[in-house]
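Reviewing the structure listed below.
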Amino acid sequence: MVQQFAVDFEKRIEGSGDQIDTYELSGGARINRIFHERFPFELVKMEFDEKELRREISYAIKNIHGIRTGLFTPDMAFETIVKKQVKKIREPCLKCVDMVISELISTVRQCTKKPSLTYI
């Protein structure tokens with residue numbers, strides 16, 4: 001019973017189930033759309049100022065060099081800027097995760113509604 005549920009769930013996610021919906025996206029196709037359409041859209045909505053980023057990079061490098069001059073970009077400057085940028089994309093990432101979780105829950109519910117088998 002549990003194995004059959006797992007097989008049905010996997011088929012719905014992979015798109016190889018015995019009942020293919022021809023009216024709307026479902027299962028794995030909806031998750032695919034979240035990653036390839038919705039998530040990039042959320043990232044594009046973010047405000048991004050290239051001049052400000054370049055200024056921050058410049059200041060970070062100069063501050064880390066201090067009174068010394070250096071040929072190479074210090075790792076600390078790179079890490080500082082990257083961490084700041086990662087914090088900026090946190091919200092769109094969490095929104096994407098929430099959407100995927102919702103689709104997974106919906107897929108589980110669809111599997112439990114299968115008329116030939118009752119899992120729970």
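Here, A, B, ... name the chains of the structure tokens in the order displayed, residue numbers run from 1 inside each chain, and ligands are numbered from 1 in the same displayed order.
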Please extract the residues of region 32-107 of chain A with a backbone DSSP assignment of alpha helix (DSSP H) and present them as a PyMOL selection string. chain A and resi 32-33+39-45+50-65+75-88+90-107
Polymer residues at most 12 Å from Asp21 (chain A), only C-alpha atoms, same-chain spacing of 6 or more positions, as a PyMOL selection string: chain A and resi 12+15+27-30+110
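In this model, the gap between CA of Ile31 (chain A) and CA of Val100 (chain A) comes to 5.9 Å.
Neighbouring residues of Glu79 (chain A) at 12 Å or closer, counting only C-alpha atoms and skipping chain neighbours under 5 positions away, are Ile57, Ala60, Ile61, Ile64, Thr73, Pro74, Lys84, Gln85 and Val86 of chain A.
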Convert the current residue selection to file output with N, CA and C atoms, as a PDB file, in the first residue's frame.
ATOM      1  N   ILE A  57      31.557  47.108  -3.628  1.00  0.00           N
ATOM      2  CA  ILE A  57      32.715  46.246  -3.895  1.00  0.00           C
ATOM      3  C   ILE A  57      34.001  47.046  -3.745  1.00  0.00           C
ATOM      4  N   ALA A  60      34.653  47.790  -0.072  1.00  0.00           N
ATOM      5  CA  ALA A  60      35.025  46.567   0.657  1.00  0.00           C
ATOM      6  C   ALA A  60      36.478  46.212   0.384  1.00  0.00           C
ATOM      7  N   ILE A  61      36.879  46.279  -0.876  1.00  0.00           N
ATOM      8  CA  ILE A  61      38.268  45.948  -1.228  1.00  0.00           C
ATOM      9  C   ILE A  61      39.227  46.945  -0.586  1.00  0.00           C
ATOM     10  N   ILE A  64      39.478  46.429   3.207  1.00  0.00           N
ATOM     11  CA  ILE A  64      40.199  45.220   3.604  1.00  0.00           C
ATOM     12  C   ILE A  64      41.697  45.372   3.361  1.00  0.00           C
ATOM     13  N   THR A  73      42.124  40.505  -5.239  1.00  0.00           N
ATOM     14  CA  THR A  73      40.947  40.820  -4.435  1.00  0.00           C
ATOM     15  C   THR A  73      40.926  39.899  -3.226  1.00  0.00           C
ATOM     16  N   PRO A  74      40.913  40.451  -2.048  1.00  0.00           N
ATOM     17  CA  PRO A  74      40.893  39.614  -0.850  1.00  0.00           C
ATOM     18  C   PRO A  74      39.606  38.788  -0.767  1.00  0.00           C
ATOM     19  N   LYS A  84      25.988  39.529   1.433  1.00  0.00           N
ATOM     20  CA  LYS A  84      24.995  40.596   1.373  1.00  0.00           C
ATOM     21  C   LYS A  84      24.008  40.352   0.228  1.00  0.00           C
ATOM     22  N   GLN A  85      24.510  39.906  -0.912  1.00  0.00           N
ATOM     23  CA  GLN A  85      23.639  39.625  -2.061  1.00  0.00           C
ATOM     24  C   GLN A  85      22.744  38.412  -1.797  1.00  0.00           C
ATOM     25  N   VAL A  86      23.282  37.410  -1.130  1.00  0.00           N
ATOM     26  CA  VAL A  86      22.488  36.220  -0.799  1.00  0.00           C
ATOM     27  C   VAL A  86      21.335  36.607   0.128  1.00  0.00           C
TER      28      VAL A  86
END
I'd like the neighbourhood of region 40-56 of chain A as a PyMOL selection string, where a residue qualifies if any of its atoms comes within 8 Å (using only C-alpha atoms), though same-chain residues fewer than 6 positions away should be ignored. chain A and resi 81+89+92
Name the residues in contact with Met99 (chain A) at a cut-off of 12 Å, using only C-alpha atoms, excluding same-chain residues fewer than 2 positions from it; report them as number ranges by chain. A: 30-35, 38-39, 92-97, 101-106
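Interatomic distance, CA of Leu25 (chain A) to CA of Glu37 (chain A): 13.4 Å.
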